[in-house]
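So this block is protein_38.cif, mmCIF, C-alpha atoms and all ligand atoms:
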data_model
#
loop_
_atom_site.label_atom_id
_atom_site.label_comp_id
_atom_site.auth_asym_id
_atom_site.auth_seq_id
_atom_site.Cartn_x
_atom_site.Cartn_y
_atom_site.Cartn_z
CA MET A 12 124.27 174.67 184.26
CA GLU A 13 121.97 177.53 185.23
CA TYR A 14 119.42 176.61 187.93
CA ARG A 15 116.36 178.77 188.41
CA LEU A 16 113.29 178.99 190.56
CA CYS A 17 110.26 179.81 188.40
CA PRO A 18 107.42 180.91 190.70
CA SER A 19 104.00 180.08 189.31
CA ILE A 20 101.52 182.91 189.74
CA LEU A 21 98.68 180.39 189.76
CA SER A 22 99.13 180.37 193.55
CA ALA A 23 99.40 184.17 193.88
CA ASP A 24 96.87 186.37 195.65
CA PHE A 25 95.27 187.92 192.56
CA ASN A 26 94.04 190.84 194.62
CA ARG A 27 97.71 191.76 195.16
CA LEU A 28 99.26 190.31 192.01
CA GLY A 29 101.32 193.37 190.97
CA GLU A 30 102.72 193.79 194.46
CA GLN A 31 103.64 190.10 194.74
CA ILE A 32 105.38 190.14 191.36
CA GLN A 33 107.42 193.16 192.51
CA THR A 34 108.40 191.27 195.66
CA LEU A 35 109.61 188.33 193.56
CA GLU A 36 111.56 190.61 191.25
CA LYS A 37 113.23 192.46 194.15
CA ALA A 38 114.20 189.11 195.69
CA GLY A 39 116.15 188.28 192.53
CA VAL A 40 113.68 186.00 190.74
CA GLU A 41 114.24 186.19 186.99
CA TRP A 42 111.60 183.86 185.57
CA LEU A 43 107.86 184.08 186.17
CA HIS A 44 105.83 180.97 185.33
CA ILE A 45 102.42 181.83 183.91
CA ASP A 46 99.83 179.02 183.72
CA VAL A 47 97.10 179.44 181.11
CA MET A 48 94.27 176.88 181.34
CA ASP A 49 91.33 176.63 178.98
CA GLY A 50 88.85 174.29 180.67
CA ASP A 51 89.24 171.86 177.77
CA PHE A 52 92.79 170.48 177.71
CA VAL A 53 92.60 170.63 181.50
CA PRO A 54 89.43 170.78 183.62
CA SER A 55 90.11 174.19 185.12
CA ILE A 56 90.23 177.73 183.72
CA SER A 57 92.85 180.20 184.94
CA PHE A 58 93.47 183.47 183.08
CA GLY A 59 94.70 184.66 179.71
CA MET A 60 96.01 187.55 177.67
CA PRO A 61 94.59 190.56 179.56
CA VAL A 62 96.27 189.52 182.81
CA ILE A 63 99.61 188.90 181.08
CA ARG A 64 99.38 192.21 179.23
CA SER A 65 98.77 194.06 182.50
CA ILE A 66 101.65 192.52 184.43
CA ARG A 67 103.98 192.96 181.43
CA LYS A 68 103.70 196.73 181.90
CA GLU A 69 105.11 196.48 185.41
CA SER A 70 107.69 193.70 185.17
CA LYS A 71 110.94 193.04 183.33
CA MET A 72 111.03 189.39 184.38
CA PHE A 73 111.22 186.60 181.81
CA PHE A 74 107.62 185.54 181.17
CA ASP A 75 107.53 181.75 180.87
CA VAL A 76 104.04 180.98 179.56
CA HIS A 77 102.78 177.41 180.08
CA LEU A 78 99.83 176.85 177.77
CA MET A 79 97.50 174.12 179.03
CA VAL A 80 95.25 174.75 176.07
CA SER A 81 93.88 172.57 173.26
CA ALA A 82 95.24 173.43 169.79
CA PRO A 83 97.57 176.15 171.16
CA GLU A 84 98.73 176.94 167.60
CA ARG A 85 95.70 179.27 167.45
CA TYR A 86 97.09 181.60 170.10
CA ILE A 87 100.89 181.76 169.70
CA GLN A 88 101.01 185.27 168.22
CA ASP A 89 98.48 186.58 170.78
CA PHE A 90 100.63 185.42 173.68
CA VAL A 91 103.77 186.88 172.12
CA ASP A 92 101.96 190.17 171.57
CA CYS A 93 100.89 190.37 175.20
CA GLY A 94 104.41 189.77 176.49
CA ALA A 95 105.49 186.11 176.56
CA ASP A 96 109.25 185.48 176.42
CA SER A 97 108.82 181.75 176.07
CA ILE A 98 105.84 179.62 175.15
CA THR A 99 105.46 176.02 176.22
CA VAL A 100 102.86 173.86 174.52
CA HIS A 101 101.76 170.38 175.47
CA ALA A 102 102.68 167.59 173.07
CA GLU A 103 99.27 166.02 173.82
CA ALA A 104 97.41 169.25 172.93
CA CYS A 105 98.83 169.78 169.44
CA GLU A 106 97.62 168.13 166.29
CA ASP A 107 100.91 169.01 164.60
CA LEU A 108 103.58 169.56 167.26
CA GLU A 109 106.32 170.36 164.71
CA ARG A 110 104.15 173.13 163.28
CA ALA A 111 103.45 174.54 166.76
CA ILE A 112 107.21 174.61 167.50
CA GLU A 113 107.85 176.38 164.19
CA LEU A 114 105.17 178.98 164.93
CA ILE A 115 106.68 179.76 168.33
CA ARG A 116 110.21 179.96 166.88
CA ASP A 117 109.04 182.22 164.04
CA ALA A 118 107.29 184.49 166.52
CA GLY A 119 110.72 185.15 168.07
CA VAL A 120 110.36 183.68 171.56
CA LYS A 121 111.86 180.63 173.26
CA VAL A 122 110.23 177.28 172.61
CA GLY A 123 109.09 174.80 175.24
CA VAL A 124 107.38 171.44 174.88
CA SER A 125 105.64 169.78 177.80
CA ILE A 126 104.58 166.23 178.50
CA LYS A 127 102.03 164.97 181.04
CA PRO A 128 103.02 162.27 183.56
CA ALA A 129 101.73 159.43 181.37
CA THR A 130 103.44 160.61 178.18
CA PRO A 131 106.83 158.96 177.57
CA VAL A 132 109.95 161.01 176.88
CA ASN A 133 110.26 158.97 173.70
CA ASP A 134 107.25 160.83 172.22
CA ILE A 135 109.25 164.07 172.02
CA SER A 136 112.85 162.82 171.82
CA HIS A 137 113.01 163.41 168.05
CA LEU A 138 112.27 167.11 168.60
CA LEU A 139 114.97 167.93 171.12
CA GLU A 140 117.09 169.79 168.59
CA ASP A 141 114.21 172.15 167.85
CA VAL A 142 113.31 173.27 171.37
CA ASP A 143 114.90 175.35 174.14
CA MET A 144 113.17 173.60 176.99
CA VAL A 145 111.25 170.45 177.86
CA LEU A 146 108.75 170.71 180.68
CA ILE A 147 108.19 167.43 182.49
CA MET A 148 104.90 167.68 184.37
CA THR A 149 105.31 166.06 187.76
CA VAL A 150 101.57 166.24 188.56
CA GLN A 151 98.51 166.03 186.31
CA PRO A 152 98.26 169.49 184.76
CA GLY A 153 95.30 171.60 185.80
CA PHE A 154 95.66 172.50 189.46
CA GLY A 155 98.24 173.84 191.90
CA GLY A 156 98.93 172.27 195.28
CA GLN A 157 99.09 168.61 194.19
CA LYS A 158 101.58 165.99 195.33
CA TYR A 159 104.69 165.22 193.27
CA LEU A 160 104.34 161.95 191.31
CA PRO A 161 107.53 159.98 192.07
CA GLU A 162 107.26 157.91 188.88
CA CYS A 163 108.19 161.11 186.97
CA THR A 164 111.73 161.17 188.39
CA GLU A 165 112.95 158.51 185.98
CA LYS A 166 111.61 160.57 183.05
CA ILE A 167 113.82 163.47 184.13
CA VAL A 168 116.84 161.14 184.30
CA GLU A 169 116.04 159.69 180.87
CA LEU A 170 115.65 163.12 179.30
CA LYS A 171 118.86 164.43 180.88
CA GLU A 172 120.77 161.43 179.51
CA LEU A 173 119.40 162.04 176.01
CA ILE A 174 120.28 165.75 176.11
CA ASP A 175 123.81 165.06 177.37
CA ARG A 176 124.38 162.24 174.90
CA GLU A 177 123.43 164.47 171.97
CA GLU A 178 125.29 167.45 173.53
CA LEU A 179 122.22 169.67 173.20
CA ASP A 180 121.53 172.95 174.92
CA VAL A 181 118.04 172.19 176.26
CA ASP A 182 116.72 173.14 179.69
CA ILE A 183 114.73 170.65 181.76
CA GLN A 184 111.85 172.25 183.61
CA VAL A 185 109.71 170.47 186.16
CA ASP A 186 106.28 171.57 187.35
CA GLY A 187 104.04 170.28 190.11
CA GLY A 188 104.52 169.39 193.75
CA ILE A 189 107.97 170.99 194.07
CA ASN A 190 108.85 171.58 197.74
CA ASP A 191 111.64 171.15 200.28
CA GLU A 192 111.91 167.41 199.70
CA THR A 193 111.20 167.08 196.00
CA MET A 194 113.48 169.90 194.85
CA GLU A 195 116.53 167.86 195.74
CA THR A 196 115.15 164.81 193.90
CA VAL A 197 114.44 166.72 190.70
CA MET A 198 117.70 168.67 190.67
CA LYS A 199 119.75 165.54 191.24
CA ALA A 200 117.77 163.80 188.48
CA GLY A 201 118.77 166.57 186.04
CA ALA A 202 116.15 169.34 186.13
CA ASN A 203 117.44 172.93 186.19
CA LEU A 204 114.25 175.03 186.00
CA LEU A 205 112.00 174.46 189.00
CA VAL A 206 108.43 175.72 188.84
CA ALA A 207 106.81 176.15 192.22
CA GLY A 208 103.44 177.65 193.13
CA SER A 209 102.10 176.75 196.55
CA TYR A 210 105.62 176.26 197.97
CA VAL A 211 106.54 179.87 197.08
CA PHE A 212 103.27 181.64 197.83
CA SER A 213 102.17 180.05 201.12
CA GLY A 214 103.40 182.16 204.03
CA ASP A 215 105.78 185.07 203.59
CA LEU A 216 106.74 185.38 199.94
CA GLU A 217 110.08 187.15 200.39
CA THR A 218 111.26 184.77 203.14
CA ASN A 219 110.24 181.76 201.05
CA VAL A 220 112.09 182.95 197.95
CA TYR A 221 115.34 183.59 199.85
CA SER A 222 115.15 180.28 201.65
CA ILE A 223 114.32 178.28 198.48
CA GLN A 224 117.13 179.97 196.55
CA LYS A 225 119.56 179.20 199.38
CA LYS A 226 118.51 175.54 199.35
CA MET A 227 118.87 175.41 195.56
CA ASP A 228 122.41 176.83 195.84
CA LYS A 229 123.31 174.18 198.39
CA ILE A 230 121.96 171.33 196.23
CA LYS A 231 123.70 172.83 193.20
CA SER A 232 127.04 172.79 195.03
CA GLU A 233 126.53 169.10 195.75
CA ILE A 234 125.84 168.40 192.06
CA ASP A 235 128.75 170.41 190.55
O1 LIG B 301 101.12 173.93 185.67
C1 LIG B 301 100.70 173.94 186.80
C2 LIG B 301 99.46 173.17 187.15
O2 LIG B 301 99.03 172.46 186.06
C3 LIG B 301 101.36 174.78 187.87
O3 LIG B 301 102.49 175.44 187.32
C4 LIG B 301 101.75 173.95 189.09
O4 LIG B 301 100.70 173.24 189.54
C5 LIG B 301 102.35 174.75 190.21
O5 LIG B 301 101.72 174.48 191.43
P1 LIG B 301 102.36 173.70 192.67
O6 LIG B 301 103.81 174.10 192.76
O7 LIG B 301 101.54 174.17 193.82
O8 LIG B 301 102.21 172.22 192.40
FE FE B 302 102.72 175.26 185.02
#

What do you get writing this file as structure tokens?
Ligand SMILES: O=C(CO)[C@H](O)[C@H](O)COP(=O)(O)O
Ligand SMILES: [Fe+2]
Amino acid sequence: MEYRLCPSILSADFNRLGEQIQTLEKAGVEWLHIDVMDGDFVPSISFGMPVIRSIRKESKMFFDVHLMVSAPERYIQDFVDCGADSITVHAEACEDLERAIELIRDAGVKVGVSIKPATPVNDISHLLEDVDMVLIMTVQPGFGGQKYLPECTEKIVELKELIDREELDVDIQVDGGINDETMETVMKAGANLLVAGSYVFSGDLETNVYSIQKKMDKIKSEID
């Protein structure tokens, strides 16, 4: 099982975004989590295609685009064109989730489906064969810096059991409130892709990345 830290640039200093992305890349980070918010599916607005297009020119990292957008089907090709390597849509945001998955697949990038804390795993369990990743939100989507919702842990366990039972190759990503304490909980529950914003970007970025990766390696050795 491949475990990865996926820093979320929502917590970056946008005045120094290029420089901070370079720091992450030099420290060995391979996935960059990119949160797009539309002010409709979630209350806040973040950024969109022009920002992604700009950072794509400077970075070879895997761009993991988390669309917190209503009817995301409208924008799949745009996000692929500006540099996404994977696109994650919310089950709650799509009128036809199967169609959204098909559009992402046909556009040639990896497919992710996300569920909010109140959405049961059961709502997406029939689609597991069609996706590369399921993102379990561990806070209400819309803002960085919130506290991990402990009731989400059992959803990670449930999803992991389903994936193992059906012998599928699907990553489990978690997003929201990941820190020193919660990273152990989510990894032991079955998550392998850990999104973290405020935990990575508060204080010295390089020091944080090395220390988080070291902690992840230690937890991984306890799981294997
Ligand atoms: O999707 C998100 C918010 O909706 C972000 O990826 C997430 O909040 C990361 O921030 P933090 O690690 O500070 O909780
Ligand atoms: Fe996110």

List every residue of chain A that has an atom at most 12 Å from any atom of ligand FE 302 (chain B), giving for each one its closest atom pair and the distance in Å to one decimal, counting only C-alpha atoms and all ligand atoms, sorted by chain and then by ascending residue number, as CSV.
residue,atom,partner,partner_atom,distance
A:Cys17,CA,B:FE302,FE,9.4
A:Pro18,CA,B:FE302,FE,9.3
A:Ser19,CA,B:FE302,FE,6.6
A:Ile20,CA,B:FE302,FE,9.1
A:Leu21,CA,B:FE302,FE,8.1
A:Ser22,CA,B:FE302,FE,10.6
A:Leu43,CA,B:FE302,FE,10.3
A:His44,CA,B:FE302,FE,6.5
A:Ile45,CA,B:FE302,FE,6.7
A:Asp46,CA,B:FE302,FE,4.9
A:Val47,CA,B:FE302,FE,8.0
A:Met48,CA,B:FE302,FE,9.4
A:Val53,CA,B:FE302,FE,11.7
A:Ser57,CA,B:FE302,FE,11.0
A:Asp75,CA,B:FE302,FE,9.1
A:Val76,CA,B:FE302,FE,8.0
A:His77,CA,B:FE302,FE,5.4
A:Leu78,CA,B:FE302,FE,8.0
A:Met79,CA,B:FE302,FE,8.0
A:Val80,CA,B:FE302,FE,11.7
A:Ile98,CA,B:FE302,FE,11.2
A:Thr99,CA,B:FE302,FE,9.2
A:Val100,CA,B:FE302,FE,10.6
A:His101,CA,B:FE302,FE,10.8
A:Gly123,CA,B:FE302,FE,11.7
A:Val124,CA,B:FE302,FE,11.8
A:Ser125,CA,B:FE302,FE,9.5
A:Ile126,CA,B:FE302,FE,11.3
A:Lys127,CA,B:FE302,FE,11.1
A:Leu146,CA,B:FE302,FE,8.7
A:Ile147,CA,B:FE302,FE,9.9
A:Met148,CA,B:FE302,FE,7.9
A:Thr149,CA,B:FE302,FE,9.9
A:Val150,CA,B:FE302,FE,9.8
A:Gln151,CA,B:FE302,FE,10.2
A:Pro152,CA,B:FE302,FE,7.3
A:Gly153,CA,B:FE302,FE,8.3
A:Phe154,CA,B:FE302,FE,8.8
A:Gly155,CA,B:FE302,FE,8.3
A:Gly156,CA,B:FE302,FE,11.3
A:Gln157,CA,B:FE302,FE,11.9
A:Gln184,CA,B:FE302,FE,9.7
A:Val185,CA,B:FE302,FE,8.6
A:Asp186,CA,B:FE302,FE,5.6
A:Gly187,CA,B:FE302,FE,7.2
A:Gly188,CA,B:FE302,FE,10.7
A:Ile189,CA,B:FE302,FE,11.3
A:Leu204,CA,B:FE302,FE,11.6
A:Leu205,CA,B:FE302,FE,10.1
A:Val206,CA,B:FE302,FE,6.9
A:Ala207,CA,B:FE302,FE,8.3
A:Gly208,CA,B:FE302,FE,8.5
A:Ser209,CA,B:FE302,FE,11.6

Legend entry - Residues near Lys231 of chain A, cut-off 12 Å, all atoms listed in the file, skip fewer than 4 positions along chain, as a list in words: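 The residues that qualify are Met12, Glu13, Tyr14, Arg15, Met194, Glu195, Thr196, Val197, Met198, Lys199, Ala200, Gly201, Ala202, Asn203, Gln224, Lys225, Lys226, Met227 and Asp235 of chain A.
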
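One distance worth recording is that between atom CA of Tyr210 of chain A and atom CA of Arg27 of chain A, which is 17.6 Å.
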
Legend entry - Interatomic distance (Å, one decimal) between atom CA of Glu169 of chain A and atom CA of Asp182 of chain A: 13.5 Å

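In this model, the gap between atom CA of Ile56 of chain A and atom CA of Arg110 of chain A comes to 25.2 Å.
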
Inset, instruction - Identify the residues within 12 Å of coordinate (107.0, 171.6, 166.2) (same frame as the file), considering all atoms listed in the file, and give the answer as an MDAnalysis selection string. - result: chainID A and resid 83:84 99:102 104:117 122:125 135:143

Those same residues, written as a compact mmCIF listing (two decimals), in the coordinates of the input with C-alpha atoms?
# COMPACT_ATOMS: atom_id res chain seq x y z
CA PRO A 83 97.57 176.15 171.16
CA GLU A 84 98.73 176.94 167.60
CA THR A 99 105.46 176.02 176.22
CA VAL A 100 102.86 173.86 174.52
CA HIS A 101 101.76 170.38 175.47
CA ALA A 102 102.68 167.59 173.07
CA ALA A 104 97.41 169.25 172.93
CA CYS A 105 98.83 169.78 169.44
CA GLU A 106 97.62 168.13 166.29
CA ASP A 107 100.91 169.01 164.60
CA LEU A 108 103.58 169.56 167.26
CA GLU A 109 106.32 170.36 164.71
CA ARG A 110 104.15 173.13 163.28
CA ALA A 111 103.45 174.54 166.76
CA ILE A 112 107.21 174.61 167.50
CA GLU A 113 107.85 176.38 164.19
CA LEU A 114 105.17 178.98 164.93
CA ILE A 115 106.68 179.76 168.33
CA ARG A 116 110.21 179.96 166.88
CA ASP A 117 109.04 182.22 164.04
CA VAL A 122 110.23 177.28 172.61
CA GLY A 123 109.09 174.80 175.24
CA VAL A 124 107.38 171.44 174.88
CA SER A 125 105.64 169.78 177.80
CA ILE A 135 109.25 164.07 172.02
CA SER A 136 112.85 162.82 171.82
CA HIS A 137 113.01 163.41 168.05
CA LEU A 138 112.27 167.11 168.60
CA LEU A 139 114.97 167.93 171.12
CA GLU A 140 117.09 169.79 168.59
CA ASP A 141 114.21 172.15 167.85
CA VAL A 142 113.31 173.27 171.37
CA ASP A 143 114.90 175.35 174.14

Inset, instruction - Go through A:Gly39, A:Glu162, A:Lys121, A:Glu217 and flag the residue nearest Val181 of chain A, using all atoms listed in the file for the distances. - result: A:Lys121

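The smallest atom-to-atom distance between ligand LIG 301 (chain B) and any of A:Val211, A:Ala82, A:Ile63, A:Ile183, using all atoms listed in the file, is found for A:Val211.
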
Just need segment 142-183 of chain A in a file, please: N, CA and C atoms, as an mmCIF file, in the first residue's frame.
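So decode-v4.cif came out as:
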data_model
loop_
_atom_site.group_PDB
_atom_site.id
_atom_site.type_symbol
_atom_site.label_atom_id
_atom_site.label_comp_id
_atom_site.auth_asym_id
_atom_site.auth_seq_id
_atom_site.Cartn_x
_atom_site.Cartn_y
_atom_site.Cartn_z
ATOM 1 N N VAL A 142 -13.904 3.858 -10.012
ATOM 2 C CA VAL A 142 -13.109 5.004 -9.562
ATOM 3 C C VAL A 142 -11.708 4.563 -9.121
ATOM 4 N N ASP A 143 -10.789 5.539 -9.092
ATOM 5 C CA ASP A 143 -9.423 5.260 -8.619
ATOM 6 C C ASP A 143 -9.282 5.619 -7.147
ATOM 7 N N MET A 144 -10.155 6.500 -6.688
ATOM 8 C CA MET A 144 -9.985 7.008 -5.327
ATOM 9 C C MET A 144 -11.335 7.441 -4.753
ATOM 10 N N VAL A 145 -11.510 7.195 -3.455
ATOM 11 C CA VAL A 145 -12.663 7.772 -2.754
ATOM 12 C C VAL A 145 -12.110 8.719 -1.710
ATOM 13 N N LEU A 146 -12.639 9.931 -1.715
ATOM 14 C CA LEU A 146 -12.221 10.937 -0.728
ATOM 15 C C LEU A 146 -13.291 11.032 0.354
ATOM 16 N N ILE A 147 -12.914 10.626 1.556
ATOM 17 C CA ILE A 147 -13.825 10.761 2.693
ATOM 18 C C ILE A 147 -13.519 12.106 3.353
ATOM 19 N N MET A 148 -14.468 13.026 3.276
ATOM 20 C CA MET A 148 -14.270 14.323 3.959
ATOM 21 C C MET A 148 -14.389 14.094 5.468
ATOM 22 N N THR A 149 -13.404 14.602 6.187
ATOM 23 C CA THR A 149 -13.412 14.416 7.640
ATOM 24 C C THR A 149 -13.702 15.738 8.367
ATOM 25 N N VAL A 150 -14.099 16.742 7.573
ATOM 26 C CA VAL A 150 -14.695 17.999 8.083
ATOM 27 C C VAL A 150 -15.774 18.373 7.055
ATOM 28 N N GLN A 151 -16.578 19.389 7.394
ATOM 29 C CA GLN A 151 -17.520 19.886 6.368
ATOM 30 C C GLN A 151 -16.696 20.593 5.309
ATOM 31 N N PRO A 152 -16.857 20.248 4.024
ATOM 32 C CA PRO A 152 -16.043 20.914 3.015
ATOM 33 C C PRO A 152 -16.300 22.419 2.987
ATOM 34 N N GLY A 153 -15.301 23.159 2.649
ATOM 35 C CA GLY A 153 -15.474 24.607 2.493
ATOM 36 C C GLY A 153 -14.395 25.456 3.125
ATOM 37 N N PHE A 154 -13.757 24.966 4.155
ATOM 38 C CA PHE A 154 -12.747 25.781 4.837
ATOM 39 C C PHE A 154 -11.603 24.909 5.357
ATOM 40 N N GLY A 155 -10.397 25.479 5.366
ATOM 41 C CA GLY A 155 -9.271 24.799 6.002
ATOM 42 C C GLY A 155 -9.297 25.074 7.500
ATOM 43 N N GLY A 156 -8.456 24.377 8.225
ATOM 44 C CA GLY A 156 -8.251 24.668 9.647
ATOM 45 C C GLY A 156 -9.355 24.223 10.582
ATOM 46 N N GLN A 157 -10.224 23.289 10.143
ATOM 47 C CA GLN A 157 -11.293 22.810 11.036
ATOM 48 C C GLN A 157 -10.829 21.560 11.785
ATOM 49 N N LYS A 158 -11.626 21.190 12.783
ATOM 50 C CA LYS A 158 -11.300 20.015 13.589
ATOM 51 C C LYS A 158 -11.843 18.736 12.951
ATOM 52 N N TYR A 159 -11.022 17.701 12.993
ATOM 53 C CA TYR A 159 -11.405 16.365 12.503
ATOM 54 C C TYR A 159 -12.697 15.895 13.179
ATOM 55 N N LEU A 160 -13.626 15.361 12.380
ATOM 56 C CA LEU A 160 -14.883 14.833 12.935
ATOM 57 C C LEU A 160 -14.717 13.338 13.217
ATOM 58 N N PRO A 161 -14.634 12.947 14.488
ATOM 59 C CA PRO A 161 -14.300 11.552 14.813
ATOM 60 C C PRO A 161 -15.307 10.526 14.289
ATOM 61 N N GLU A 162 -16.554 10.970 14.048
ATOM 62 C CA GLU A 162 -17.548 10.005 13.545
ATOM 63 C C GLU A 162 -17.213 9.532 12.117
ATOM 64 N N CYS A 163 -16.244 10.211 11.466
ATOM 65 C CA CYS A 163 -15.873 9.796 10.101
ATOM 66 C C CYS A 163 -14.942 8.588 10.097
ATOM 67 N N THR A 164 -14.325 8.291 11.223
ATOM 68 C CA THR A 164 -13.358 7.173 11.263
ATOM 69 C C THR A 164 -14.026 5.862 10.849
ATOM 70 N N GLU A 165 -15.243 5.644 11.347
ATOM 71 C CA GLU A 165 -15.883 4.362 11.012
ATOM 72 C C GLU A 165 -16.232 4.262 9.523
ATOM 73 N N LYS A 166 -16.401 5.415 8.860
ATOM 74 C CA LYS A 166 -16.642 5.382 7.411
ATOM 75 C C LYS A 166 -15.388 4.913 6.660
ATOM 76 N N ILE A 167 -14.235 5.317 7.167
ATOM 77 C CA ILE A 167 -12.973 4.883 6.528
ATOM 78 C C ILE A 167 -12.836 3.367 6.677
ATOM 79 N N VAL A 168 -13.125 2.869 7.889
ATOM 80 C CA VAL A 168 -13.037 1.424 8.154
ATOM 81 C C VAL A 168 -13.999 0.664 7.239
ATOM 82 N N GLU A 169 -15.214 1.172 7.139
ATOM 83 C CA GLU A 169 -16.235 0.509 6.313
ATOM 84 C C GLU A 169 -15.808 0.451 4.840
ATOM 85 N N LEU A 170 -15.301 1.582 4.356
ATOM 86 C CA LEU A 170 -14.864 1.644 2.961
ATOM 87 C C LEU A 170 -13.691 0.698 2.712
ATOM 88 N N LYS A 171 -12.738 0.700 3.626
ATOM 89 C CA LYS A 171 -11.555 -0.170 3.483
ATOM 90 C C LYS A 171 -11.993 -1.644 3.426
ATOM 91 N N GLU A 172 -12.949 -2.006 4.271
ATOM 92 C CA GLU A 172 -13.433 -3.395 4.276
ATOM 93 C C GLU A 172 -14.073 -3.755 2.931
ATOM 94 N N LEU A 173 -14.866 -2.823 2.406
ATOM 95 C CA LEU A 173 -15.517 -3.062 1.102
ATOM 96 C C LEU A 173 -14.490 -3.249 -0.012
ATOM 97 N N ILE A 174 -13.486 -2.364 -0.025
ATOM 98 C CA ILE A 174 -12.451 -2.409 -1.073
ATOM 99 C C ILE A 174 -11.669 -3.718 -0.982
ATOM 100 N N ASP A 175 -11.318 -4.112 0.244
ATOM 101 C CA ASP A 175 -10.552 -5.357 0.423
ATOM 102 C C ASP A 175 -11.395 -6.578 0.062
ATOM 103 N N ARG A 176 -12.651 -6.536 0.482
ATOM 104 C CA ARG A 176 -13.527 -7.678 0.207
ATOM 105 C C ARG A 176 -13.674 -7.903 -1.297
ATOM 106 N N GLU A 177 -13.792 -6.796 -2.037
ATOM 107 C CA GLU A 177 -13.980 -6.935 -3.492
ATOM 108 C C GLU A 177 -12.649 -6.960 -4.251
ATOM 109 N N GLU A 178 -11.540 -6.926 -3.472
ATOM 110 C CA GLU A 178 -10.180 -6.954 -4.041
ATOM 111 C C GLU A 178 -9.991 -5.880 -5.107
ATOM 112 N N LEU A 179 -10.401 -4.662 -4.783
ATOM 113 C CA LEU A 179 -10.304 -3.551 -5.726
ATOM 114 C C LEU A 179 -9.045 -2.728 -5.459
ATOM 115 N N ASP A 180 -8.625 -2.022 -6.512
ATOM 116 C CA ASP A 180 -7.453 -1.178 -6.385
ATOM 117 C C ASP A 180 -7.940 0.288 -6.291
ATOM 118 N N VAL A 181 -8.417 0.655 -5.133
ATOM 119 C CA VAL A 181 -8.979 2.003 -4.940
ATOM 120 C C VAL A 181 -8.304 2.648 -3.728
ATOM 121 N N ASP A 182 -7.786 3.863 -3.939
ATOM 122 C CA ASP A 182 -7.161 4.586 -2.831
ATOM 123 C C ASP A 182 -8.224 5.228 -1.942
ATOM 124 N N ILE A 183 -7.888 5.315 -0.653
ATOM 125 C CA ILE A 183 -8.775 6.037 0.281
ATOM 126 C C ILE A 183 -8.055 7.309 0.714
#
